[in-house]
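The structure appears below as C-alpha cells.
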Protein chains: 2
Amino acid sequence: MTQSFIFATANPHKLEEVKAMLPAHIRLRSLSDIGFSGDIPETEPTLEGNALQKARYIFDRFGKPCFSDDTGLEVEALNGAPGVYSARYAGATGSQEEKAQANMSKLLAELSGIGNRKARFRTVIAYMDASGNAHLFEGTVNGAISEEPCGTTGFGYDPLFVPEGYDLCFAQMPLDEKNRISHRARAFGKFADQLRMENEKHC
Amino acid sequence: MTQSFIFATANPHKLEEVKAMLPAHIRLRSLSDIGFSGDIPETEPTLEGNALQKARYIFDRFGKPCFSDDTGLEVEALNGAPGVYSARYAGATGSQEEKAQANMSKLLAELSGIGNRKARFRTVIAYMDASGNAHLFEGTVNGAISEEPCGTTGFGYDPLFVPEGYDLCFAQMPLDEKNRISHRARAFGKFADQLRMENEKHC
C-alpha cells in the first residue's frame, strides 16, 4: 500500500536524496507540493527539539503524516559545538557555498592548536505519524576534523570531516559510499524500519 | 513473543496500573526490579522533555527498552499552568495527599473569580525502543475545574476535574470508568498499538 508523507524541508535537493533512502512504497511530498511557502520556526537548542518543532509545525497545520530532519557537527574539544548551529556557525550570508566556506574557516580557527580533533556528525529525524505520535530516529558517524579542507563532493563540513576507519574526508569519497555510512543514511535506515512496520500492519 | 520493558517510575502503584493498560505479552520491570534506586532528573520545561529525559536516562545506563510518563493539568485561564509543575505546584512537602491538598488549594485560589474554568489533563509517554529510537505518545482529556473539591477516588487533581460530557469529577467516577476515558489511558492505548506492531514484526 502506498503511504504518503510530507517532508518538511524547503530544499528540493534534499527531497531527492531522501527519496532514495526510503522504501519504494513511500510517496514523498515537499512543502511546495502542499502549497506551503512560509518559514518554519527552528528555535530549539537541540537537534531533537528543532526537528520535532518543524515536524509538529507542519502536522498541526496539515494534519498529515510528516517528518523533518536536523543535522549537526559535534566537536568534542568544543563541547559539542557547532551542533545545532552548524549551518549558521559563522553567521555568514550569501550562497550555500559561501556560508560553508565561512563555517569551515571559523571551525578551523577555533580548533587551531588543539590536538583533540574528535567529532561526530549527528542527524535526528522527527516523524509525526497519522495518529499524531512523534518518533525520533538518530544516526551518528564518528570521525575527526582534518587540518585543512580536502575534496569537492558533498556539502557543508564534508571537506573537513574524516570518518573513523577512513583516510579520506567525506568530500573525497564517492557519494554512494558516503551515503552508505553517513549519519543521515543511518537515521533514515531506522526511520525506514518504522515505516515498513507500519505498512505491514496495514496490509 | 514476550517483550520486556523497564518502566522508569519509582511508584509501584503506577506500575500495577500501567500493567493493566498494556498488551498481555508485555513484561514490565520497575526501577527496583533492575536495582536502580537513584533519582532521575526531571528538569525540562515541558511534559515531552521531562518524559524523554527520564526514559533516556535509564536507557543510557541499562541499554534496554524502557519508557516513562509525565502528566500535567493545563488550565486555559492560567496559560497552561500548572502543566509540567502540576505535582509540585504549591511547593508543599509531606504525604502525597497533603501535597495534593496544597496544590488544589493553590489552583482554586488562582482561579478565584475567573469565569473560564476550561482545563485539560495531558499525559506524554516517552518510549526508547531496543534500537535507541525515541517515541512520544500523547493522551488528553478536556474538561473544567470545579468550584470546590468533590469525590474521593483517584489522586492528585481528580477531585477538581470534571471531564467534558460528564457531571461528575474524576474523583467521583468509578476507577474503571475514569481509566476508560482518561488522558493516561489514551496515551497508553497509543503506546500499546506501537508495541503490538513491533511484536507482530518479530513473530
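Labels for the C-alpha cells follow display order: chains A, B, ..., residues from 1 in each chain, ligands from 1.
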Interface list for chain A, partner chain B, 6 Å threshold, only C-alpha atoms, as a list of chain:residue names: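 Only these qualify: A:Asn133, A:Ala134, A:His135, A:Leu136, A:Phe137.
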Please report, as a short mmCIF file (atom, residue, chain, number, x, y, z; two decimals) with all heavy atoms, in the first residue's frame, each residue of chain B to which DSSP assigns strand (DSSP E or B) when run on this structure's backbone.
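In the end it all went to states_24.cif:
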data_model
loop_
_atom_site.label_atom_id
_atom_site.label_comp_id
_atom_site.auth_asym_id
_atom_site.auth_seq_id
_atom_site.Cartn_x
_atom_site.Cartn_y
_atom_site.Cartn_z
N GLN B 3 7.78 -9.51 25.36
CA GLN B 3 8.69 -8.37 25.28
C GLN B 3 8.87 -7.82 26.68
O GLN B 3 7.90 -7.71 27.42
CB GLN B 3 8.11 -7.28 24.38
CG GLN B 3 8.10 -7.60 22.89
CD GLN B 3 7.34 -6.52 22.11
OE1 GLN B 3 6.13 -6.41 22.22
NE2 GLN B 3 8.06 -5.71 21.35
N SER B 4 10.09 -7.46 27.02
CA SER B 4 10.37 -6.99 28.37
C SER B 4 10.75 -5.51 28.34
O SER B 4 11.57 -5.09 27.51
CB SER B 4 11.52 -7.82 28.93
OG SER B 4 11.82 -7.40 30.23
N PHE B 5 10.14 -4.73 29.20
CA PHE B 5 10.38 -3.28 29.22
C PHE B 5 10.59 -2.79 30.65
O PHE B 5 9.95 -3.28 31.58
CB PHE B 5 9.18 -2.52 28.64
CG PHE B 5 8.92 -2.85 27.22
CD1 PHE B 5 8.03 -3.86 26.89
CD2 PHE B 5 9.58 -2.18 26.21
CE1 PHE B 5 7.79 -4.20 25.57
CE2 PHE B 5 9.36 -2.50 24.89
CZ PHE B 5 8.46 -3.51 24.57
N ILE B 6 11.45 -1.77 30.76
CA ILE B 6 11.62 -1.10 32.04
C ILE B 6 10.68 0.11 32.08
O ILE B 6 10.65 0.91 31.15
CB ILE B 6 13.07 -0.59 32.21
CG1 ILE B 6 14.06 -1.76 32.14
CG2 ILE B 6 13.22 0.16 33.53
CD1 ILE B 6 15.51 -1.31 31.95
N PHE B 7 9.91 0.21 33.13
CA PHE B 7 9.06 1.39 33.32
C PHE B 7 9.80 2.31 34.30
O PHE B 7 9.99 1.96 35.46
CB PHE B 7 7.69 0.97 33.87
CG PHE B 7 6.72 2.11 34.06
CD1 PHE B 7 6.89 3.33 33.41
CD2 PHE B 7 5.60 1.96 34.86
CE1 PHE B 7 5.99 4.38 33.57
CE2 PHE B 7 4.69 3.00 35.04
CZ PHE B 7 4.89 4.21 34.39
N ILE B 26 3.43 -8.24 27.20
CA ILE B 26 4.43 -7.31 27.75
C ILE B 26 4.79 -7.68 29.19
O ILE B 26 3.91 -7.86 30.03
CB ILE B 26 3.87 -5.86 27.76
CG1 ILE B 26 3.47 -5.43 26.37
CG2 ILE B 26 4.89 -4.90 28.39
CD1 ILE B 26 4.60 -5.29 25.40
N ARG B 27 6.10 -7.76 29.45
CA ARG B 27 6.56 -7.97 30.82
C ARG B 27 7.21 -6.68 31.28
O ARG B 27 8.15 -6.19 30.66
CB ARG B 27 7.57 -9.13 30.84
CG ARG B 27 8.09 -9.42 32.22
CD ARG B 27 9.03 -10.63 32.25
NE ARG B 27 9.91 -10.49 33.40
CZ ARG B 27 11.24 -10.42 33.34
NH1 ARG B 27 11.86 -10.53 32.18
NH2 ARG B 27 11.96 -10.25 34.44
N LEU B 28 6.68 -6.12 32.37
CA LEU B 28 7.20 -4.85 32.87
C LEU B 28 8.15 -5.07 34.04
O LEU B 28 7.91 -5.90 34.91
CB LEU B 28 6.07 -3.95 33.37
CG LEU B 28 5.21 -3.24 32.33
CD1 LEU B 28 4.41 -2.14 33.01
CD2 LEU B 28 6.07 -2.66 31.22
N ARG B 29 9.22 -4.29 34.04
CA ARG B 29 10.13 -4.29 35.18
C ARG B 29 10.24 -2.88 35.73
O ARG B 29 10.35 -1.92 34.96
CB ARG B 29 11.51 -4.80 34.76
CG ARG B 29 11.47 -6.29 34.41
CD ARG B 29 12.86 -6.84 34.19
NE ARG B 29 13.50 -6.23 33.05
CZ ARG B 29 14.79 -6.36 32.76
NH1 ARG B 29 15.57 -7.08 33.56
NH2 ARG B 29 15.32 -5.79 31.70
N CYS B 66 12.82 0.96 27.37
CA CYS B 66 12.19 1.49 28.57
C CYS B 66 11.29 2.66 28.22
O CYS B 66 11.38 3.22 27.13
CB CYS B 66 13.23 1.91 29.60
SG CYS B 66 14.22 3.30 29.10
N PHE B 67 10.43 3.01 29.16
CA PHE B 67 9.53 4.14 28.92
C PHE B 67 9.25 4.84 30.24
O PHE B 67 9.47 4.30 31.32
CB PHE B 67 8.22 3.69 28.25
CG PHE B 67 7.39 2.77 29.09
CD1 PHE B 67 6.38 3.27 29.92
CD2 PHE B 67 7.60 1.41 29.06
CE1 PHE B 67 5.61 2.43 30.69
CE2 PHE B 67 6.83 0.54 29.84
CZ PHE B 67 5.84 1.06 30.66
N SER B 68 8.78 6.07 30.11
CA SER B 68 8.38 6.84 31.28
C SER B 68 7.17 7.67 30.88
O SER B 68 6.88 7.81 29.69
CB SER B 68 9.50 7.76 31.73
OG SER B 68 9.63 8.81 30.79
N ASP B 69 6.47 8.20 31.85
CA ASP B 69 5.36 9.09 31.50
C ASP B 69 5.42 10.34 32.36
O ASP B 69 6.07 10.37 33.42
CB ASP B 69 4.01 8.39 31.64
CG ASP B 69 3.66 8.06 33.08
OD1 ASP B 69 4.55 8.08 33.94
OD2 ASP B 69 2.49 7.76 33.35
N ASP B 70 4.79 11.37 31.88
CA ASP B 70 4.69 12.60 32.65
C ASP B 70 3.30 13.18 32.36
O ASP B 70 2.83 13.13 31.22
CB ASP B 70 5.79 13.58 32.25
CG ASP B 70 6.14 14.53 33.40
OD1 ASP B 70 5.80 14.22 34.55
OD2 ASP B 70 6.76 15.57 33.14
N THR B 71 2.66 13.67 33.41
CA THR B 71 1.28 14.16 33.28
C THR B 71 1.16 15.55 33.87
O THR B 71 1.78 15.85 34.89
CB THR B 71 0.31 13.20 34.02
OG1 THR B 71 0.30 11.95 33.34
CG2 THR B 71 -1.11 13.76 34.05
N GLY B 72 0.37 16.38 33.21
CA GLY B 72 0.12 17.71 33.74
C GLY B 72 -1.33 18.13 33.55
O GLY B 72 -2.01 17.64 32.66
N LEU B 73 -1.76 19.03 34.42
CA LEU B 73 -3.08 19.65 34.27
C LEU B 73 -2.85 21.04 33.68
O LEU B 73 -2.09 21.85 34.25
CB LEU B 73 -3.74 19.76 35.65
CG LEU B 73 -5.10 20.48 35.69
CD1 LEU B 73 -6.16 19.69 34.91
CD2 LEU B 73 -5.55 20.69 37.13
N GLU B 74 -3.46 21.30 32.53
CA GLU B 74 -3.23 22.57 31.83
C GLU B 74 -4.51 23.40 31.85
O GLU B 74 -5.51 23.02 31.26
CB GLU B 74 -2.76 22.29 30.40
CG GLU B 74 -1.46 21.48 30.40
CD GLU B 74 -0.99 21.02 29.02
OE1 GLU B 74 -1.85 20.89 28.11
OE2 GLU B 74 0.22 20.79 28.85
N VAL B 75 -4.46 24.53 32.56
CA VAL B 75 -5.65 25.36 32.74
C VAL B 75 -5.57 26.56 31.80
O VAL B 75 -4.58 27.31 31.81
CB VAL B 75 -5.76 25.83 34.21
CG1 VAL B 75 -6.98 26.72 34.41
CG2 VAL B 75 -5.82 24.62 35.14
N PRO B 82 -1.01 24.54 35.94
CA PRO B 82 0.34 24.24 36.43
C PRO B 82 1.18 23.37 35.49
O PRO B 82 2.37 23.29 35.66
CB PRO B 82 0.07 23.52 37.75
CG PRO B 82 -1.29 22.95 37.63
CD PRO B 82 -2.06 23.88 36.74
N GLY B 83 0.56 22.72 34.49
CA GLY B 83 1.31 21.99 33.46
C GLY B 83 2.36 21.06 34.01
O GLY B 83 2.07 20.21 34.87
N LYS B 118 -11.99 26.25 31.86
CA LYS B 118 -11.54 25.20 30.93
C LYS B 118 -10.14 24.69 31.28
O LYS B 118 -9.23 25.47 31.57
CB LYS B 118 -11.49 25.73 29.50
CG LYS B 118 -12.83 25.72 28.80
CD LYS B 118 -12.63 26.05 27.33
CE LYS B 118 -13.93 26.51 26.71
NZ LYS B 118 -13.71 27.15 25.38
N ALA B 119 -9.99 23.36 31.21
CA ALA B 119 -8.70 22.75 31.52
C ALA B 119 -8.58 21.44 30.77
O ALA B 119 -9.57 20.92 30.24
CB ALA B 119 -8.59 22.49 33.02
N ARG B 120 -7.38 20.94 30.67
CA ARG B 120 -7.22 19.58 30.15
C ARG B 120 -6.10 18.87 30.90
O ARG B 120 -5.14 19.49 31.35
CB ARG B 120 -6.94 19.56 28.66
CG ARG B 120 -5.62 20.16 28.26
CD ARG B 120 -5.35 19.95 26.77
NE ARG B 120 -4.02 20.43 26.43
CZ ARG B 120 -3.45 20.27 25.25
NH1 ARG B 120 -4.09 19.65 24.27
NH2 ARG B 120 -2.23 20.72 25.02
N PHE B 121 -6.30 17.57 31.06
CA PHE B 121 -5.24 16.71 31.55
C PHE B 121 -4.46 16.20 30.34
O PHE B 121 -5.06 15.84 29.32
CB PHE B 121 -5.80 15.49 32.30
CG PHE B 121 -5.88 15.65 33.79
CD1 PHE B 121 -7.09 15.50 34.45
CD2 PHE B 121 -4.74 15.92 34.54
CE1 PHE B 121 -7.17 15.62 35.84
CE2 PHE B 121 -4.80 16.04 35.92
CZ PHE B 121 -6.02 15.90 36.56
N ARG B 122 -3.15 16.16 30.45
CA ARG B 122 -2.35 15.68 29.33
C ARG B 122 -1.25 14.76 29.85
O ARG B 122 -0.54 15.11 30.78
CB ARG B 122 -1.74 16.86 28.58
CG ARG B 122 -1.11 16.48 27.23
CD ARG B 122 -0.97 17.71 26.34
NE ARG B 122 0.12 18.56 26.76
CZ ARG B 122 1.38 18.49 26.28
NH1 ARG B 122 1.68 17.58 25.35
NH2 ARG B 122 2.31 19.30 26.71
N THR B 123 -1.17 13.58 29.27
CA THR B 123 -0.09 12.63 29.59
C THR B 123 0.79 12.45 28.37
O THR B 123 0.27 12.32 27.26
CB THR B 123 -0.68 11.25 29.98
OG1 THR B 123 -1.29 11.34 31.26
CG2 THR B 123 0.41 10.18 30.06
N VAL B 124 2.08 12.45 28.57
CA VAL B 124 3.01 12.13 27.50
C VAL B 124 3.85 10.93 27.94
O VAL B 124 4.40 10.93 29.05
CB VAL B 124 3.94 13.30 27.17
CG1 VAL B 124 5.01 12.89 26.16
CG2 VAL B 124 3.14 14.48 26.64
N ILE B 125 3.90 9.92 27.09
CA ILE B 125 4.76 8.75 27.32
C ILE B 125 5.96 8.85 26.39
O ILE B 125 5.79 9.11 25.19
CB ILE B 125 4.01 7.44 27.01
CG1 ILE B 125 2.83 7.28 27.97
CG2 ILE B 125 4.95 6.23 27.11
CD1 ILE B 125 1.87 6.20 27.52
N ALA B 126 7.15 8.69 26.93
CA ALA B 126 8.35 8.60 26.11
C ALA B 126 8.85 7.17 26.16
O ALA B 126 9.02 6.60 27.24
CB ALA B 126 9.44 9.54 26.62
N TYR B 127 9.06 6.59 24.99
CA TYR B 127 9.46 5.19 24.88
C TYR B 127 10.77 5.10 24.09
O TYR B 127 10.84 5.61 22.97
CB TYR B 127 8.34 4.40 24.21
CG TYR B 127 8.72 3.06 23.63
CD1 TYR B 127 9.45 2.13 24.37
CD2 TYR B 127 8.34 2.69 22.34
CE1 TYR B 127 9.80 0.90 23.83
CE2 TYR B 127 8.68 1.47 21.79
CZ TYR B 127 9.41 0.58 22.54
OH TYR B 127 9.76 -0.64 22.00
N MET B 128 11.78 4.50 24.69
CA MET B 128 13.04 4.23 23.98
C MET B 128 13.02 2.77 23.57
O MET B 128 12.98 1.88 24.44
CB MET B 128 14.24 4.48 24.90
CG MET B 128 14.37 5.90 25.43
SD MET B 128 14.74 7.14 24.16
CE MET B 128 16.35 6.56 23.59
N ALA B 134 13.44 7.04 19.85
CA ALA B 134 12.52 7.57 20.85
C ALA B 134 11.14 7.77 20.24
O ALA B 134 11.02 8.19 19.09
CB ALA B 134 13.04 8.91 21.37
N HIS B 135 10.10 7.43 21.02
CA HIS B 135 8.73 7.59 20.54
C HIS B 135 7.92 8.32 21.61
O HIS B 135 8.06 8.01 22.79
CB HIS B 135 8.08 6.22 20.27
CG HIS B 135 8.91 5.31 19.41
ND1 HIS B 135 8.73 5.20 18.05
CD2 HIS B 135 9.94 4.48 19.72
CE1 HIS B 135 9.60 4.33 17.55
NE2 HIS B 135 10.34 3.87 18.55
N LEU B 136 7.09 9.25 21.18
CA LEU B 136 6.26 10.00 22.12
C LEU B 136 4.78 9.77 21.81
O LEU B 136 4.35 9.90 20.66
CB LEU B 136 6.55 11.50 21.99
CG LEU B 136 7.93 11.97 22.44
CD1 LEU B 136 8.19 13.40 21.98
CD2 LEU B 136 8.05 11.89 23.96
N PHE B 137 4.02 9.43 22.86
CA PHE B 137 2.59 9.21 22.71
C PHE B 137 1.85 10.13 23.67
O PHE B 137 2.21 10.20 24.85
CB PHE B 137 2.23 7.75 23.00
CG PHE B 137 3.06 6.80 22.20
CD1 PHE B 137 4.23 6.26 22.74
CD2 PHE B 137 2.73 6.48 20.90
CE1 PHE B 137 5.04 5.41 22.00
CE2 PHE B 137 3.52 5.64 20.15
CZ PHE B 137 4.69 5.10 20.70
N GLU B 138 0.84 10.82 23.17
CA GLU B 138 0.14 11.80 23.98
C GLU B 138 -1.32 11.40 24.16
O GLU B 138 -1.94 10.88 23.24
CB GLU B 138 0.20 13.16 23.26
CG GLU B 138 -0.47 14.27 24.01
CD GLU B 138 -0.61 15.52 23.14
OE1 GLU B 138 -1.54 15.56 22.30
OE2 GLU B 138 0.21 16.43 23.28
N GLY B 139 -1.83 11.62 25.35
CA GLY B 139 -3.26 11.44 25.59
C GLY B 139 -3.79 12.65 26.32
O GLY B 139 -3.16 13.12 27.27
N THR B 140 -4.93 13.17 25.87
CA THR B 140 -5.51 14.33 26.56
C THR B 140 -6.98 14.07 26.84
O THR B 140 -7.63 13.28 26.16
CB THR B 140 -5.43 15.62 25.70
OG1 THR B 140 -6.14 15.41 24.49
CG2 THR B 140 -4.00 16.00 25.40
N VAL B 141 -7.48 14.74 27.88
CA VAL B 141 -8.92 14.75 28.10
C VAL B 141 -9.30 16.18 28.51
O VAL B 141 -8.68 16.78 29.39
CB VAL B 141 -9.35 13.68 29.13
CG1 VAL B 141 -8.66 13.85 30.46
CG2 VAL B 141 -10.86 13.70 29.32
N ASN B 142 -10.25 16.73 27.77
CA ASN B 142 -10.71 18.10 28.06
C ASN B 142 -11.73 18.10 29.18
O ASN B 142 -12.44 17.12 29.38
CB ASN B 142 -11.33 18.72 26.81
CG ASN B 142 -10.29 18.96 25.73
OD1 ASN B 142 -9.15 19.31 26.01
ND2 ASN B 142 -10.68 18.75 24.49
N GLY B 143 -11.80 19.21 29.88
CA GLY B 143 -12.76 19.30 30.96
C GLY B 143 -12.76 20.69 31.58
O GLY B 143 -12.39 21.66 30.92
N ALA B 144 -13.19 20.75 32.84
CA ALA B 144 -13.28 22.04 33.54
C ALA B 144 -12.93 21.85 35.01
O ALA B 144 -13.08 20.76 35.56
CB ALA B 144 -14.68 22.61 33.40
N ILE B 145 -12.45 22.94 35.61
CA ILE B 145 -12.12 22.92 37.04
C ILE B 145 -13.37 23.30 37.84
O ILE B 145 -13.98 24.36 37.60
CB ILE B 145 -10.98 23.91 37.35
CG1 ILE B 145 -9.74 23.58 36.50
CG2 ILE B 145 -10.64 23.91 38.84
CD1 ILE B 145 -9.19 22.18 36.72
N PHE B 161 -11.44 18.01 38.77
CA PHE B 161 -11.51 17.95 37.30
C PHE B 161 -12.78 17.25 36.83
O PHE B 161 -13.00 16.07 37.09
CB PHE B 161 -10.29 17.21 36.74
CG PHE B 161 -10.22 17.24 35.24
CD1 PHE B 161 -9.70 18.35 34.58
CD2 PHE B 161 -10.68 16.17 34.48
CE1 PHE B 161 -9.66 18.39 33.19
CE2 PHE B 161 -10.63 16.20 33.10
CZ PHE B 161 -10.12 17.31 32.45
N VAL B 162 -13.62 18.00 36.11
CA VAL B 162 -14.85 17.45 35.53
C VAL B 162 -14.65 17.25 34.03
O VAL B 162 -14.54 18.23 33.29
CB VAL B 162 -16.05 18.40 35.77
CG1 VAL B 162 -17.33 17.80 35.20
CG2 VAL B 162 -16.19 18.72 37.25
N PRO B 163 -14.54 16.00 33.58
CA PRO B 163 -14.30 15.78 32.15
C PRO B 163 -15.50 16.21 31.30
O PRO B 163 -16.65 16.13 31.76
CB PRO B 163 -14.06 14.26 32.05
CG PRO B 163 -14.66 13.68 33.28
CD PRO B 163 -14.60 14.73 34.34
#
Selected residue of minimal separation from His25 of chain B among B:Asn199, B:Thr43, B:Thr9, B:Gln96, counting only C-alpha atoms: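 Closest candidate: B:Asn199.
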Contact residues around Ile58 of chain A with only C-alpha atoms at 10 Å, ignoring same-chain residues under 2 positions, as a PDB file with N, CA and C atoms, in the first residue's frame:
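Writing done, so here's result_4.pdb:
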ATOM      1  N   ILE A   6       4.633  14.033   4.091  1.00  0.00           N
ATOM      2  CA  ILE A   6       5.187  15.359   3.807  1.00  0.00           C
ATOM      3  C   ILE A   6       6.592  15.417   4.409  1.00  0.00           C
ATOM      4  N   PHE A   7       7.539  15.839   3.603  1.00  0.00           N
ATOM      5  CA  PHE A   7       8.900  16.058   4.111  1.00  0.00           C
ATOM      6  C   PHE A   7       9.046  17.559   4.349  1.00  0.00           C
ATOM      7  N   ALA A   8       9.156  17.942   5.621  1.00  0.00           N
ATOM      8  CA  ALA A   8       9.187  19.361   5.987  1.00  0.00           C
ATOM      9  C   ALA A   8      10.550  19.959   5.712  1.00  0.00           C
ATOM     10  N   LEU A  31       7.151  20.643   0.791  1.00  0.00           N
ATOM     11  CA  LEU A  31       6.320  21.752   1.261  1.00  0.00           C
ATOM     12  C   LEU A  31       5.693  22.490   0.086  1.00  0.00           C
ATOM     13  N   PHE A  36       2.825  25.128   0.736  1.00  0.00           N
ATOM     14  CA  PHE A  36       3.319  25.878   1.887  1.00  0.00           C
ATOM     15  C   PHE A  36       4.624  26.572   1.504  1.00  0.00           C
ATOM     16  N   ILE A  40       9.493  27.938   8.594  1.00  0.00           N
ATOM     17  CA  ILE A  40       9.185  27.074   9.735  1.00  0.00           C
ATOM     18  C   ILE A  40      10.133  27.444  10.872  1.00  0.00           C
ATOM     19  N   GLN A  53      10.101  20.389  16.388  1.00  0.00           N
ATOM     20  CA  GLN A  53       9.397  21.651  16.190  1.00  0.00           C
ATOM     21  C   GLN A  53       8.932  21.793  14.731  1.00  0.00           C
ATOM     22  N   LYS A  54       9.810  21.450  13.802  1.00  0.00           N
ATOM     23  CA  LYS A  54       9.467  21.578  12.384  1.00  0.00           C
ATOM     24  C   LYS A  54       8.370  20.595  11.976  1.00  0.00           C
ATOM     25  N   ALA A  55       8.519  19.351  12.414  1.00  0.00           N
ATOM     26  CA  ALA A  55       7.528  18.336  12.025  1.00  0.00           C
ATOM     27  C   ALA A  55       6.162  18.642  12.639  1.00  0.00           C
ATOM     28  N   ARG A  56       6.148  19.047  13.909  1.00  0.00           N
ATOM     29  CA  ARG A  56       4.893  19.388  14.579  1.00  0.00           C
ATOM     30  C   ARG A  56       4.218  20.581  13.919  1.00  0.00           C
ATOM     31  N   ASP A  60       0.544  20.154  12.646  1.00  0.00           N
ATOM     32  CA  ASP A  60      -0.560  20.917  13.247  1.00  0.00           C
ATOM     33  C   ASP A  60      -1.352  21.682  12.179  1.00  0.00           C
ATOM     34  N   ARG A  61      -0.688  22.075  11.099  1.00  0.00           N
ATOM     35  CA  ARG A  61      -1.376  22.832  10.058  1.00  0.00           C
ATOM     36  C   ARG A  61      -2.057  21.959   9.019  1.00  0.00           C
ATOM     37  N   PHE A  62      -1.481  20.806   8.706  1.00  0.00           N
ATOM     38  CA  PHE A  62      -1.988  19.989   7.609  1.00  0.00           C
ATOM     39  C   PHE A  62      -2.601  18.661   8.071  1.00  0.00           C
ATOM     40  N   GLY A  63      -2.291  18.266   9.305  1.00  0.00           N
ATOM     41  CA  GLY A  63      -2.894  17.041   9.851  1.00  0.00           C
ATOM     42  C   GLY A  63      -2.518  15.775   9.109  1.00  0.00           C
ATOM     43  N   LYS A  64      -1.414  15.800   8.392  1.00  0.00           N
ATOM     44  CA  LYS A  64      -0.969  14.629   7.624  1.00  0.00           C
ATOM     45  C   LYS A  64       0.378  14.154   8.156  1.00  0.00           C
ATOM     46  N   PRO A  65       0.669  12.850   8.006  1.00  0.00           N
ATOM     47  CA  PRO A  65       1.968  12.337   8.437  1.00  0.00           C
ATOM     48  C   PRO A  65       3.105  13.137   7.796  1.00  0.00           C
ATOM     49  N   CYS A  66       4.063  13.519   8.591  1.00  0.00           N
ATOM     50  CA  CYS A  66       5.171  14.298   8.035  1.00  0.00           C
ATOM     51  C   CYS A  66       6.418  14.095   8.880  1.00  0.00           C
ATOM     52  N   PHE A  67       7.552  14.470   8.315  1.00  0.00           N
ATOM     53  CA  PHE A  67       8.803  14.345   9.051  1.00  0.00           C
ATOM     54  C   PHE A  67       9.754  15.459   8.646  1.00  0.00           C
ATOM     55  N   SER A  68      10.745  15.660   9.488  1.00  0.00           N
ATOM     56  CA  SER A  68      11.787  16.637   9.184  1.00  0.00           C
ATOM     57  C   SER A  68      13.092  16.081   9.725  1.00  0.00           C
ATOM     58  N   MET A 128       6.050  12.620  12.598  1.00  0.00           N
ATOM     59  CA  MET A 128       4.709  12.645  13.185  1.00  0.00           C
ATOM     60  C   MET A 128       3.854  11.690  12.374  1.00  0.00           C
TER      61      MET A 128
END
Contacts of Thr93 of chain B at 12 Å (only C-alpha atoms; same-chain gap of 6+ positions) as a ChimeraX atom specification: /B:87,99-103
Atomic separation - atom CA of Arg88 of chain A relative to atom CA of Leu22 of chain A, Å: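 Taking atom CA of Leu22 of chain A as the start and atom CA of Arg88 of chain A as the end point, the length is 28.0 Å.
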Point-to-point distance from atom CA of Cys169 of chain B to atom CA of Cys150 of chain B, Å rounded to tenths: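 Between these atoms lies a distance of 6.9 Å.
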Atom-to-atom span, atom CA of Leu168 of chain A and atom CA of Ser146 of chain A, Å: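 Between atom CA of Leu168 of chain A and atom CA of Ser146 of chain A the gap is 9.6 Å.
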